[in-house]
file input-v8.cif (mmCIF, C-alpha atoms)
data_data
#
loop_
_atom_site.label_atom_id
_atom_site.label_comp_id
_atom_site.auth_asym_id
_atom_site.auth_seq_id
_atom_site.Cartn_x
_atom_site.Cartn_y
_atom_site.Cartn_z
CA MET A 1 -11.26 20.91 28.95
CA ALA A 2 -14.49 22.80 28.45
CA LYS A 3 -14.37 22.34 24.66
CA GLU A 4 -12.16 21.20 21.83
CA ASP A 5 -9.09 23.41 21.85
CA PRO A 6 -5.97 23.73 19.65
CA GLY A 7 -3.97 23.73 22.88
CA TYR A 8 -4.59 19.97 22.98
CA ASN A 9 -2.00 19.52 20.23
CA TYR A 10 0.64 21.49 22.09
CA LEU A 11 -0.09 19.73 25.38
CA LYS A 12 0.44 16.33 23.79
CA TRP A 13 3.56 17.34 21.88
CA TYR A 14 5.28 19.07 24.79
CA SER A 15 4.36 16.43 27.38
CA GLU A 16 5.35 13.46 25.24
CA THR A 17 8.49 14.80 23.56
CA LYS A 18 9.95 17.26 26.06
CA LEU A 19 8.75 16.32 29.56
CA GLY A 20 8.16 12.58 29.36
CA LEU A 21 4.74 12.91 31.02
CA LEU A 22 1.66 10.88 30.20
CA THR A 23 -1.54 12.92 29.92
CA GLN A 24 -5.23 12.12 29.84
CA CYS A 25 -7.70 14.75 28.61
CA CYS A 26 -11.47 14.73 28.69
CA LEU A 27 -14.28 17.19 28.17
CA SER A 28 -15.76 18.59 31.39
CA SER A 29 -19.23 18.32 29.85
CA SER A 30 -18.76 14.57 29.44
CA ILE A 31 -17.34 13.85 32.86
CA ASN A 32 -20.01 15.93 34.63
CA ASN A 33 -22.90 14.36 32.75
CA ALA A 34 -24.74 12.11 35.21
CA ARG A 35 -26.20 10.01 32.41
CA GLY A 36 -23.74 7.22 31.65
CA GLN A 37 -21.13 8.65 33.99
CA ASP A 38 -20.09 5.28 35.45
CA GLN A 39 -19.44 3.86 31.99
CA TYR A 40 -17.58 6.99 30.97
CA LEU A 41 -15.30 6.82 34.01
CA ALA A 42 -14.73 3.09 33.47
CA ASN A 43 -13.68 3.79 29.87
CA LEU A 44 -11.42 6.57 31.13
CA ALA A 45 -9.80 4.14 33.55
CA LEU A 46 -9.13 1.68 30.71
CA LYS A 47 -7.21 4.37 28.83
CA ILE A 48 -5.22 5.48 31.86
CA ASN A 49 -4.35 1.92 32.82
CA ALA A 50 -3.14 1.15 29.30
CA LYS A 51 -1.03 4.30 29.17
CA LEU A 52 0.60 3.50 32.51
CA GLY A 53 1.59 0.00 31.41
CA GLY A 54 -1.31 -1.99 32.85
CA SER A 55 -3.06 -4.91 31.18
CA ASN A 56 -6.75 -4.44 30.37
CA PHE A 57 -7.46 -7.58 28.30
CA GLU A 58 -5.58 -10.80 27.57
CA LEU A 59 -6.50 -13.86 25.54
CA ALA A 60 -7.33 -16.92 27.64
CA GLY A 61 -5.39 -19.21 25.28
CA LEU A 62 -2.64 -19.04 22.69
CA LEU A 63 -3.20 -17.61 19.24
CA PRO A 64 -4.12 -20.27 16.65
CA LYS A 65 -1.40 -21.52 14.26
CA ILE A 66 1.27 -19.66 16.23
CA GLY A 67 2.13 -21.79 19.25
CA GLY A 68 3.58 -20.54 22.50
CA GLU A 69 7.21 -21.62 22.77
CA LYS A 70 8.70 -19.15 20.29
CA HIS A 71 8.16 -15.43 20.67
CA VAL A 72 6.06 -13.62 18.07
CA MET A 73 5.96 -9.87 17.45
CA PHE A 74 3.09 -8.09 15.71
CA ILE A 75 3.95 -4.84 13.92
CA GLY A 76 1.55 -2.21 12.57
CA VAL A 77 2.62 0.37 9.97
CA ASP A 78 0.84 3.43 8.59
CA VAL A 79 1.47 6.82 6.97
CA ASN A 80 -0.71 9.86 7.62
CA HIS A 81 -0.75 12.49 4.88
CA PRO A 82 -1.60 16.21 5.10
CA GLY A 83 -5.08 17.30 4.12
CA SER A 84 -6.09 18.34 0.64
CA GLY A 85 -4.83 21.79 -0.30
CA ASN A 86 -1.72 21.43 1.87
CA ASN A 87 1.30 21.29 -0.43
CA THR A 88 4.15 21.72 2.05
CA SER A 89 3.61 19.76 5.27
CA PRO A 90 5.34 16.40 5.77
CA SER A 91 3.64 13.05 5.76
CA VAL A 92 4.08 11.22 9.06
CA ALA A 93 5.10 7.55 9.23
CA ALA A 94 4.35 5.39 12.26
CA VAL A 95 5.36 1.89 13.37
CA VAL A 96 3.95 0.11 16.44
CA ALA A 97 5.00 -3.29 17.77
CA THR A 98 3.94 -5.65 20.54
CA MET A 99 6.31 -5.73 23.49
CA ASN A 100 5.07 -8.86 25.29
CA TRP A 101 4.32 -12.50 24.52
CA PRO A 102 1.98 -14.36 24.67
CA ALA A 103 -0.32 -11.64 26.08
CA ILE A 104 0.38 -9.38 23.03
CA ASN A 105 -1.42 -6.40 24.54
CA ARG A 106 1.47 -3.99 25.18
CA TYR A 107 2.77 -1.85 22.31
CA ALA A 108 5.61 0.58 21.69
CA ALA A 109 5.56 3.13 18.86
CA ARG A 110 7.90 5.24 16.75
CA ILE A 111 6.91 8.35 14.73
CA TRP A 112 8.92 10.31 12.16
CA PRO A 113 8.25 12.76 9.30
CA GLN A 114 8.98 12.07 5.64
CA ASP A 115 8.54 13.76 2.27
CA HIS A 116 5.19 15.35 1.51
CA ARG A 117 2.54 12.78 0.43
CA THR A 118 5.06 9.96 0.07
CA GLU A 119 3.52 6.55 0.81
CA ASN A 120 6.76 4.54 0.57
CA ILE A 121 8.11 4.55 4.12
CA SER A 122 11.63 5.81 4.65
CA LYS A 123 13.79 4.41 7.47
CA PHE A 124 11.40 1.47 7.79
CA GLY A 125 14.08 -1.14 8.44
CA ALA A 126 15.87 0.97 11.03
CA LYS A 127 12.66 1.69 12.96
CA CYS A 128 11.60 -1.96 12.97
CA LEU A 129 15.05 -2.95 14.22
CA GLU A 130 14.76 -0.34 16.96
CA LEU A 131 11.50 -1.89 18.12
CA VAL A 132 12.95 -5.41 17.99
CA GLU A 133 15.82 -4.25 20.20
CA ALA A 134 13.33 -2.68 22.62
CA TYR A 135 11.49 -6.03 22.71
CA ALA A 136 14.76 -7.84 23.40
CA ASN A 137 15.61 -5.46 26.26
CA LEU A 138 12.26 -6.18 27.90
CA ASN A 139 12.05 -9.94 27.24
CA LYS A 140 15.76 -10.93 27.04
CA VAL A 141 15.09 -12.58 23.69
CA LYS A 142 14.30 -11.43 20.14
CA PRO A 143 11.08 -12.62 18.49
CA ASP A 144 11.39 -15.70 16.24
CA LYS A 145 8.42 -14.67 14.09
CA ILE A 146 7.18 -11.26 13.01
CA VAL A 147 3.77 -10.45 11.52
CA VAL A 148 3.67 -7.02 9.85
CA PHE A 149 0.38 -5.22 9.18
CA ARG A 150 0.92 -2.52 6.53
CA ASP A 151 -1.92 -0.04 6.41
CA GLY A 152 -3.10 2.27 3.66
CA VAL A 153 -1.68 0.91 0.37
CA SER A 154 -3.64 0.06 -2.76
CA GLU A 155 -3.24 -3.05 -4.92
CA GLY A 156 -1.01 -1.05 -7.26
CA GLN A 157 1.38 -0.47 -4.35
CA PHE A 158 1.72 -4.11 -3.26
CA ASP A 159 5.07 -4.37 -5.03
CA MET A 160 6.31 -1.32 -3.13
CA ALA A 161 5.41 -2.94 0.19
CA LEU A 162 6.65 -6.43 -0.71
CA ASN A 163 9.86 -5.71 -2.61
CA GLY A 164 10.62 -2.29 -1.18
CA GLU A 165 9.71 -1.89 2.46
CA LEU A 166 9.87 -5.58 3.38
CA MET A 167 13.31 -5.99 1.77
CA GLU A 168 14.57 -2.93 3.63
CA MET A 169 13.34 -4.49 6.86
CA LYS A 170 15.05 -7.82 6.08
CA LYS A 171 18.35 -6.12 5.21
CA ALA A 172 18.33 -4.22 8.51
CA PHE A 173 17.81 -7.53 10.35
CA TRP A 174 20.37 -9.46 8.30
CA GLU A 175 23.06 -6.86 9.01
CA MET A 176 22.59 -7.71 12.71
CA SER A 177 22.67 -11.49 11.98
CA TYR A 178 19.00 -11.71 12.87
CA PHE A 179 16.85 -13.98 10.67
CA PRO A 180 13.20 -14.15 11.87
CA THR A 181 10.29 -15.55 9.87
CA ILE A 182 8.24 -12.62 8.54
CA MET A 183 4.68 -12.39 7.23
CA LEU A 184 3.55 -9.13 5.61
CA ILE A 185 -0.16 -8.22 5.66
CA VAL A 186 -1.50 -5.16 3.87
CA ALA A 187 -4.76 -3.84 5.31
CA GLN A 188 -7.34 -2.02 3.18
CA LYS A 189 -10.58 -0.58 4.54
CA ARG A 190 -11.92 0.84 1.30
CA HIS A 191 -14.02 -1.85 -0.29
CA HIS A 192 -17.72 -2.30 -1.01
CA ALA A 193 -18.37 -5.82 0.31
CA ARG A 194 -21.13 -6.15 2.93
CA LEU A 195 -22.35 -9.30 4.69
CA PHE A 196 -26.04 -9.91 5.48
CA LEU A 197 -28.08 -12.63 7.14
CA ASP A 198 -30.42 -14.57 4.82
CA ASN A 199 -33.49 -12.83 6.22
CA ARG A 200 -31.70 -9.43 6.32
CA THR A 201 -32.98 -8.81 9.85
CA GLY A 202 -29.67 -7.57 11.19
CA ASN A 203 -25.90 -7.72 11.01
CA VAL A 204 -23.99 -10.98 10.95
CA PRO A 205 -22.66 -12.00 14.40
CA PRO A 206 -19.03 -11.22 15.32
CA GLY A 207 -16.66 -13.89 14.04
CA THR A 208 -18.58 -14.59 10.80
CA VAL A 209 -16.18 -15.78 8.05
CA VAL A 210 -16.79 -15.84 4.28
CA ASP A 211 -13.95 -17.49 2.31
CA THR A 212 -15.63 -18.47 -0.99
CA ARG A 213 -17.35 -16.90 -4.02
CA ILE A 214 -16.74 -13.22 -3.22
CA THR A 215 -13.02 -13.51 -2.45
CA HIS A 216 -10.10 -12.87 -4.79
CA GLN A 217 -9.62 -15.36 -7.64
CA THR A 218 -5.89 -15.90 -7.00
CA ASP A 219 -4.92 -14.38 -3.65
CA PHE A 220 -5.42 -16.21 -0.37
CA ASP A 221 -8.03 -14.17 1.44
CA CYS A 222 -11.36 -14.19 3.24
CA TYR A 223 -13.84 -11.79 4.83
CA LEU A 224 -14.44 -11.72 8.55
CA SER A 225 -16.82 -9.51 10.49
CA SER A 226 -15.12 -9.24 13.87
CA HIS A 227 -17.07 -6.50 15.62
CA PHE A 228 -20.57 -5.88 16.95
CA GLY A 229 -22.56 -3.82 14.45
CA ASN A 230 -24.95 -1.82 16.61
CA ILE A 231 -25.72 0.84 14.00
CA GLY A 232 -25.87 0.48 10.22
CA THR A 233 -24.37 -2.41 8.27
CA SER A 234 -21.16 -4.03 9.49
CA LYS A 235 -18.22 -3.68 7.13
CA PRO A 236 -16.31 -6.99 7.02
CA THR A 237 -12.56 -7.44 6.94
CA HIS A 238 -10.43 -9.85 4.93
CA TYR A 239 -8.82 -12.25 7.45
CA GLN A 240 -9.40 -15.26 9.80
CA GLN A 241 -9.16 -16.54 13.35
CA LEU A 242 -5.67 -15.31 14.19
CA ILE A 243 -6.63 -11.72 13.51
CA TYR A 244 -10.09 -12.12 14.99
CA ASN A 245 -8.48 -13.13 18.28
CA LEU A 246 -6.22 -10.09 18.06
CA CYS A 247 -9.33 -7.91 17.73
CA LEU A 248 -10.31 -8.94 21.27
CA THR A 249 -7.19 -7.34 22.80
CA PHE A 250 -7.76 -3.66 21.94
CA ALA A 251 -6.93 -1.76 25.13
CA ARG A 252 -9.82 0.66 25.37
CA CYS A 253 -12.76 -1.56 24.31
CA SER A 254 -14.30 -4.56 26.06
CA LYS A 255 -15.70 -5.95 22.78
CA PRO A 256 -13.92 -7.07 19.59
CA VAL A 257 -13.05 -4.16 17.31
CA SER A 258 -13.30 -4.06 13.52
CA LEU A 259 -9.53 -3.69 12.96
CA ALA A 260 -6.62 -5.73 14.24
CA PRO A 261 -5.01 -3.65 17.03
CA PRO A 262 -1.61 -3.30 15.26
CA VAL A 263 -3.47 -1.58 12.38
CA TYR A 264 -5.64 0.44 14.74
CA TYR A 265 -2.72 1.65 16.86
CA ALA A 266 -0.57 2.50 13.82
CA ASP A 267 -3.46 4.66 12.61
CA LEU A 268 -3.60 6.49 15.95
CA VAL A 269 0.15 6.98 16.17
CA ALA A 270 0.47 8.31 12.61
CA TYR A 271 -2.24 10.84 13.33
CA ARG A 272 -0.52 11.70 16.60
CA GLY A 273 2.46 12.74 14.49
CA GLN A 274 0.26 15.18 12.57
CA LEU A 275 -0.82 16.67 15.90
CA TYR A 276 2.86 17.15 16.74
CA HIS A 277 3.32 18.96 13.43
CA LYS A 278 0.39 21.28 14.16
CA ALA A 279 1.81 21.98 17.63
CA LEU A 280 5.17 22.84 16.11
CA LEU A 281 3.50 25.33 13.75
CA MET A 282 1.75 26.92 16.74
CA LYS A 283 5.18 27.54 18.24
CA GLN A 284 6.93 28.49 14.99
CA PRO A 285 4.47 29.40 12.21
CA ASP A 286 7.29 29.54 9.61
CA ALA A 287 9.03 26.35 10.79
CA PHE A 288 9.12 24.62 7.38
CA GLU A 289 12.51 22.91 7.83
CA ALA A 290 11.86 22.08 11.47
CA ALA A 291 8.67 20.28 10.44
CA PHE A 292 10.82 17.67 8.65
CA ASP A 293 13.25 17.28 11.58
CA GLU A 294 12.75 13.90 13.24
CA ARG A 295 13.94 15.23 16.59
CA HIS A 296 10.69 17.20 16.98
CA TYR A 297 8.65 13.97 16.75
CA LYS A 298 10.77 11.71 18.95
CA GLN A 299 9.17 10.69 22.24
CA HIS A 300 10.89 11.26 25.53
CA PRO A 301 12.88 8.14 26.59
CA SER A 302 10.76 7.69 29.72
CA ILE A 303 7.56 7.07 27.73
CA GLU A 304 8.68 5.91 24.25
CA ASN A 305 7.85 2.26 25.03
CA LEU A 306 4.51 3.03 26.72
CA MET A 307 1.10 3.33 25.08
CA TYR A 308 0.90 7.11 25.38
CA PHE A 309 -1.10 7.23 22.12
CA ILE A 310 -4.38 5.71 23.42
CA TRP A 311 -6.92 8.17 22.06
CA GLU A 312 -9.19 10.67 23.82
CA ASP A 313 -11.97 10.10 21.29
CA ASP A 314 -14.41 12.51 22.92
CA VAL A 315 -11.91 15.36 22.53
CA TRP A 316 -10.64 14.84 18.99
CA LYS A 317 -12.69 12.91 16.44
CA GLU A 318 -10.63 12.89 13.24
CA TRP A 319 -9.74 9.47 11.82
CA PRO A 320 -7.56 8.70 8.79
CA SER A 321 -8.47 5.73 6.23
CA TYR A 322 -7.16 0.54 5.41
CA THR A 323 -5.27 -5.31 2.68
CA LEU A 324 -2.86 -9.48 3.83
CA ILE A 325 0.77 -9.37 1.92
CA ASP A 326 4.08 -11.39 2.49
CA GLY A 327 -17.75 -1.01 35.53
CA GLY A 328 -18.32 -0.42 39.43
CA SER A 329 -17.66 2.79 41.33
CA LEU A 330 -14.85 5.12 40.30
CA ARG A 331 -12.86 4.07 43.37
CA GLU A 332 -13.19 0.40 42.41
CA VAL A 333 -12.18 1.11 38.82
CA PHE A 334 -9.06 3.05 39.70
CA SER A 335 -8.04 0.72 42.54
CA SER A 336 -7.92 -2.09 39.97
CA LEU A 337 -5.21 -0.40 37.93
CA THR A 338 -2.16 -2.66 37.78
CA ALA A 339 0.41 -0.18 36.50
CA GLN A 340 3.44 1.04 38.42
CA ALA A 341 2.46 3.80 40.80
CA SER A 342 5.74 5.62 40.15
CA LYS A 343 4.70 6.57 36.59
CA ASP A 344 3.63 10.18 36.12
CA ILE A 345 0.29 11.05 34.61
CA ILE A 346 -1.81 14.19 34.26
CA VAL A 347 -5.58 13.78 34.27
CA GLU A 348 -7.14 16.95 32.87
CA PHE A 349 -10.84 17.52 33.47
CA CYS A 350 -11.17 20.50 31.42
CA SER A 351 -13.39 -3.64 6.77
CA ILE A 352 -10.81 -4.19 5.29
CA THR A 353 -9.42 -6.54 2.63
CA TRP A 354 -6.44 -8.82 3.22
CA ASN A 355 -3.95 -10.53 0.87
CA ILE A 356 -1.16 -12.74 2.25
CA TRP A 357 2.43 -13.43 1.35
CA ASN A 358 4.79 -15.35 3.57
CA ALA A 359 8.31 -14.00 3.34
#

call {"tool": "encode", "arguments": {"input": "input-v8.cif", "output": "structure tokens"}}
result
Amino acid sequence: MAKEDPGYNYLKWYSETKLGLLTQCCLSSSINNARGQDQYLANLALKINAKLGGSNFELAGLLPKIGGEKHVMFIGVDVNHPGSGNNTSPSVAAVVATMNWPAINRYAARIWPQDHRTENISKFGAKCLELVEAYANLNKVKPDKIVVFRDGVSEGQFDMALNGELMEMKKAFWEMSYFPTIMLIVAQKRHHARLFLDNRTGNVPPGTVVDTRITHQTDFDCYLSSHFGNIGTSKPTHYQQLIYNLCLTFARCSKPVSLAPPVYYADLVAYRGQLYHKALLMKQPDAFEAAFDERHYKQHPSIENLMYFIWEDDVWKEWPSYTLIDGGSLREVFSSLTAQASKDIIVEFCSITWNIWNA
């Protein structure tokens, strides 16, 4: 692509919902720029490998406090709302879940529309059950433990997440005689806490934990700065070692990221749904009812359990907003891809606060 283009939305929607093709877009100006080209192509290879089902990064050991004998699934949940001034478009809900254990670096996702600017997620239990069944088909066993990261709710909405969405999820599981242990974590990015070194000469190193004095008086929480802060002041997150280790497994980055990947991916997938909605309006400008039809957002069966949603961040740079409840040569880079060669792909050159409840 020579520049950012609205056709990007339609390409993604049509390829992922109608054709079952994986696509990778990039700006021609970026790929032809000699400065930093090797790093750019290496980053591109990371995205392609992840989309095709390859493994970019895995933890050397097991996650702390989890163990390795029983399977654990990590779920990320988010809702993306229309922009200000839009009074008709649907909000888009998204759920992602890990599909492997103990590597926990492969995710599947589900997207669906719901009522305009509604934060309470509809069909939450059914979608989580769908992902559990996909996990069971791949691993021949259902997870014994589930950790749910719910993104984008305020403290006033904790009850909605805990006694509304979580109970819906449990009921869907119980109806299938499935009784896993569940922990619900609500992630919030919008806070004003910042961590500094005593001499204020730079950001705190990745993995810094603060669990006293500035934390909540009653909730179990802590701040952790998981990422490298190269520019500006690092914004810490509210969590500990389990989630810090998760931050090392993000598919398109070789350093720890600021958000746990289930939260990060749910963010990307929810926004992907808004791109689908924009593509639908390009096709049918008056498609009000169709915009709320889940069939227009459902991925093709051949890719619905692949990480098609890994972002082309140099093409589209819009990012939505986040709390714990219950390199070598190009040839070398691409030859290292471990995904199945039979998968189709198009390459187009054209912190957070956490409060915890165990449930």

call {"tool": "closest_residue", "arguments": {"input": "input-v8.cif", "among": "A:Thr118, A:Pro90, A:Gln39, A:Val132", "to": "Ala287 in chain A", "atoms": "only C-alpha atoms"}}
result
A:Pro90

call {"tool": "atom_distance", "arguments": {"input": "input-v8.cif", "atom1": "CA of Leu306 in chain A", "atom2": "CA of Phe124 in chain A"}}
result
20.2 Å

call {"tool": "resolve_selection", "arguments": {"input": "input-v8.cif", "expression": "the PyMOL selection byres ((chain A and resi 169-176) around 8)", "output": "PyMOL selection string"}}
result
chain A and resi 124-126+128-129+165-168+177-179

call {"tool": "write_last_selection", "arguments": {"input": "input-v8.cif", "atoms": "C-alpha atoms", "output": "PDB file, in the coordinates of the input"}}
result
ATOM      1  CA  PHE A 124      11.400   1.470   7.790  1.00  0.00           C
ATOM      2  CA  GLY A 125      14.080  -1.140   8.440  1.00  0.00           C
ATOM      3  CA  ALA A 126      15.870   0.970  11.030  1.00  0.00           C
ATOM      4  CA  CYS A 128      11.600  -1.960  12.970  1.00  0.00           C
ATOM      5  CA  LEU A 129      15.050  -2.950  14.220  1.00  0.00           C
ATOM      6  CA  GLU A 165       9.710  -1.890   2.460  1.00  0.00           C
ATOM      7  CA  LEU A 166       9.870  -5.580   3.380  1.00  0.00           C
ATOM      8  CA  MET A 167      13.310  -5.990   1.770  1.00  0.00           C
ATOM      9  CA  GLU A 168      14.570  -2.930   3.630  1.00  0.00           C
ATOM     10  CA  SER A 177      22.670 -11.490  11.980  1.00  0.00           C
ATOM     11  CA  TYR A 178      19.000 -11.710  12.870  1.00  0.00           C
ATOM     12  CA  PHE A 179      16.850 -13.980  10.670  1.00  0.00           C
TER      13      PHE A 179
END

call {"tool": "residues_around", "arguments": {"input": "input-v8.cif", "residues": "Leu275 in chain A", "least_positions_apart": "5", "cutoff": "9 Å", "atoms": "only C-alpha atoms", "output": "PyMOL selection string"}}
result
chain A and resi 8-10+12-13+280

call {"tool": "write_last_selection", "arguments": {"input": "input-v8.cif", "atoms": "C-alpha atoms", "output": "mmCIF file, in the frame of the given file"}}
result
data_model
loop_
_atom_site.group_PDB
_atom_site.id
_atom_site.type_symbol
_atom_site.label_atom_id
_atom_site.label_comp_id
_atom_site.auth_asym_id
_atom_site.auth_seq_id
_atom_site.Cartn_x
_atom_site.Cartn_y
_atom_site.Cartn_z
ATOM 1 C CA TYR A 8 -4.590 19.970 22.980
ATOM 2 C CA ASN A 9 -2.000 19.520 20.230
ATOM 3 C CA TYR A 10 0.640 21.490 22.090
ATOM 4 C CA LYS A 12 0.440 16.330 23.790
ATOM 5 C CA TRP A 13 3.560 17.340 21.880
ATOM 6 C CA LEU A 280 5.170 22.840 16.110
#

call {"tool": "closest_residue", "arguments": {"input": "input-v8.cif", "among": "A:Ser258, A:Asn245, A:Asn305, A:Ser30", "to": "Leu62 in chain A", "atoms": "all atoms listed in the file"}}
result
A:Asn245

call {"tool": "atom_distance", "arguments": {"input": "input-v8.cif", "atom1": "CA of Tyr14 in chain A", "atom2": "CA of Ala94 in chain A"}}
result
18.6 Å

call {"tool": "resolve_selection", "arguments": {"input": "input-v8.cif", "expression": "the PyMOL selection byres ((chain A and resi 148) around 10)", "output": "ChimeraX atom specification"}}
result
/A:73-77,95-97,128,145-147,149-151,166,182-186,262-263,324-326

call {"tool": "axis_aligned_box", "arguments": {"input": "input-v8.cif", "around": "range 253-256 of chain A", "padding_each_side": "8 Å", "output": "JSON"}}
result
{"center_x": -14.2, "center_y": -4.3, "center_z": 22.8, "size_x": 18.9, "size_y": 21.5, "size_z": 22.5}

call {"tool": "closest_residue", "arguments": {"input": "input-v8.cif", "among": "A:Val72, A:Ala290, A:Leu162, A:Val79", "to": "Asp144 in chain A", "atoms": "all atoms listed in the file"}}
result
A:Val72

call {"tool": "closest_residue", "arguments": {"input": "input-v8.cif", "among": "A:Val92, A:Ala270, A:Ala108, A:Val141", "to": "Ser122 in chain A", "atoms": "only C-alpha atoms"}}
result
A:Val92

call {"tool": "resolve_selection", "arguments": {"input": "input-v8.cif", "expression": "the PyMOL selection byres ((chain A and resi 82) around 12)", "output": "PyMOL selection string"}}
result
chain A and resi 79-81+83-93+113-119+270-271+273-275+277-278+320
